[in-house]
Amino acid sequence: MEKDVLPSPTLKKKENLKQRAYLNSITSILDFAVTQLTGFIVSPFIVSSLGSSMYGIWQMLGQMTGYAKIADTRATQVLKWTIAKKKDVADEEELRSDVTSAFLITLFIIPLVLIAGGIVSWYAPLITKAEPQYYNLIRITCSLLMLSLVITKLFDLYESVLRGMNLSFKRMGLRAAIVALGGGLKVMVLTLGYGLIGLSAVQVLLTLVIGITYYLVVRKHISWFGFGRTNLSKIRSFSKVSGWYLADTGANLLLSNSDKILLGIVAGPVVVTYYTLTQFLPFAFQGLMNRVVMGIIPGVGKLLGLEEFAKVRKVTNNINSLTSLLITAAGVAIIMLNQSFLKIWVGEGLFAGTTANLLIMVMIVQDTFIKNDSYIISATLDLKHKVMLTLFSGLSFLLIGYFMTDKFGISGLCLSMIAGKLILYVGQQKILYQKLRYGSEAGTSFIKLRPLIVALTLLAGAAYLSTLLNSLSLVQIAGMAPVVFFVPLYIFYWAGMQREERNELLELVSSIKFLKAE
């Protein structure tokens, strides 16, 4: 007589990658939306309290803080992608060993980050071209921002584990609530007259609270989490990969985190204010798109670990199709309404101009696709060629950008950034075609001309129409926004996308259970 076969108690529930990607994306979108809404409400208070010049310096300090990351080995990033690739093929003790290796490397680099932060803080007043009476103020502010960075490094371990396990949605709403509370604190410290130091002190507090919430969520939802045994060989292996992440961070600082500093050095902090405020809406929507992609990437890391390259290629194509559709429609709406929005939001005279507005949006569109490719490449844990490309692109941007910015201001800066990043975009496409094994036929064309031509035509047309719509009221903006978004969305859907792309996009959307928790 045959015995009944009982299900194994260790059998794991199959992971629904699409559903988790959706939930992770919703979590990131919620966090980002609240961050942008908080910034939308708080930024006018900051501008009016600090003034245009000091607000520009505040923006430059925020970007300069990132330069301390040059001393950061990014071991936690390696941990995230390692867990994403190994969580279904490695035992729990090996995962705990990886956590310990990343933690020890992070402890080692903290003093280096502090030294780099001290150097940046000391020279910050000179770089920002501040008046001598503000030197100590700016150094203290920059030091507090560096402290916030160090706290982030210490708690990155928990965030990396949560993301690597594809469970970011388990802390849905927590970060958003903390950011909203922080916005209220920033208004309070500005009202009380604490200025830059008050803003940076609030930033330190927010970073600490957010880090503690990640710790609590990981302890609750990841049963295997803890520290295991490691050895010198494993630490060296982690350090080697981390070194490439360090190099990648440094190269990205040159390319993507130098624009405000370069603009401030060449044209002054007031122009940085024009540039930053005009970027608000474009960056807001780009951040929204990035959060969608970031919710998908941990699942891609798992597929890469299982070497299911056909599925990764399909996910990548769907990501790019969705990005093309949404970023083009949003770009048209933003270009047409940005000047009127800024006038209502922060007042007259802070708009960078029609040409700069168009170029900023083109720059953001290009950068969004570069980030999409970068996320996939980072998930492979092989960054050598990407780092070289980013470094070359960054140096090209700085060399061209100094002269172009001096001659053409913000427009020259944007053109230089677009030219520098074009090198990176084409190079990353080549890397992806090799990594994802597209084959020779798929690799013969790196830039799809059809969506590019349609997108650029729509954006250029929006720039022309924006000259006729430079003084809209809030009610008019609210009424026009759906029209100027959905009309280009419809045009691009039919004119810029192929039938196969449209069908796959519809299949993806229909497969998601929007009201299901997991």
# chains A, B, ... in the order shown; residues from 1 in each chain; ligands from 1
>>> residues_around(residues="Gly193 of chain A", least_positions_apart="5", cutoff="12 Å", atoms="only C-alpha atoms", output="list of chain:residue names")
A:Phe45, A:Ile46, A:Ser49, A:Leu50, A:Lys186, A:Val187, A:Met188, A:Gly198, A:Leu199
>>> write_last_selection(atoms="C-alpha atoms", output="PDB file, in the first residue's frame")
ATOM      1  CA  PHE A  45       9.613  78.964   3.626  1.00  0.00           C
ATOM      2  CA  ILE A  46      13.283  78.107   3.118  1.00  0.00           C
ATOM      3  CA  SER A  49      13.802  82.718   5.228  1.00  0.00           C
ATOM      4  CA  LEU A  50      17.289  82.239   3.786  1.00  0.00           C
ATOM      5  CA  LYS A 186      11.991  72.507   9.383  1.00  0.00           C
ATOM      6  CA  VAL A 187       9.282  75.165   9.236  1.00  0.00           C
ATOM      7  CA  MET A 188       9.448  75.437  13.020  1.00  0.00           C
ATOM      8  CA  GLY A 198      18.410  74.328  12.340  1.00  0.00           C
ATOM      9  CA  LEU A 199      17.725  72.755   8.936  1.00  0.00           C
TER      10      LEU A 199
END
>>> residues_around(residues="segment 503-510 of chain A", least_positions_apart="5", cutoff="12 Å", atoms="only C-alpha atoms", output="PDB file with C-alpha atoms, in the first residue's frame")
ATOM      1  CA  LEU A  17       7.889  38.781  -8.301  1.00  0.00           C
ATOM      2  CA  LYS A  18       5.388  40.975 -10.160  1.00  0.00           C
ATOM      3  CA  GLN A  19       3.242  41.502  -7.076  1.00  0.00           C
ATOM      4  CA  ALA A  21       7.614  44.622  -7.454  1.00  0.00           C
ATOM      5  CA  TYR A  22       4.255  46.406  -7.446  1.00  0.00           C
ATOM      6  CA  LYS A 314      11.520  41.008 -20.934  1.00  0.00           C
ATOM      7  CA  VAL A 315      11.445  42.957 -17.661  1.00  0.00           C
ATOM      8  CA  THR A 316      14.037  45.419 -18.990  1.00  0.00           C
ATOM      9  CA  ASN A 317      12.057  46.021 -22.181  1.00  0.00           C
ATOM     10  CA  ASN A 318       8.860  46.588 -20.183  1.00  0.00           C
ATOM     11  CA  ILE A 319      10.640  49.037 -17.876  1.00  0.00           C
ATOM     12  CA  ASN A 320      11.921  51.073 -20.811  1.00  0.00           C
ATOM     13  CA  SER A 321       8.543  51.047 -22.592  1.00  0.00           C
ATOM     14  CA  LEU A 322       6.730  52.270 -19.494  1.00  0.00           C
ATOM     15  CA  THR A 323       9.422  54.884 -18.848  1.00  0.00           C
ATOM     16  CA  SER A 324       9.270  56.200 -22.426  1.00  0.00           C
ATOM     17  CA  LEU A 325       5.500  56.568 -22.286  1.00  0.00           C
ATOM     18  CA  TYR A 493       1.376  55.327 -27.139  1.00  0.00           C
ATOM     19  CA  TRP A 494       0.317  54.994 -30.782  1.00  0.00           C
ATOM     20  CA  MET A 497       5.573  52.476 -29.420  1.00  0.00           C
ATOM     21  CA  GLN A 498       5.448  49.306 -31.494  1.00  0.00           C
TER      22      GLN A 498
END
>>> residues_around(residues="Val365 of chain A", least_positions_apart="3", cutoff="8 Å", atoms="only C-alpha atoms", output="VMD selection string")
chain A and resid 286 327 to 328 331 361 to 362 368 to 369
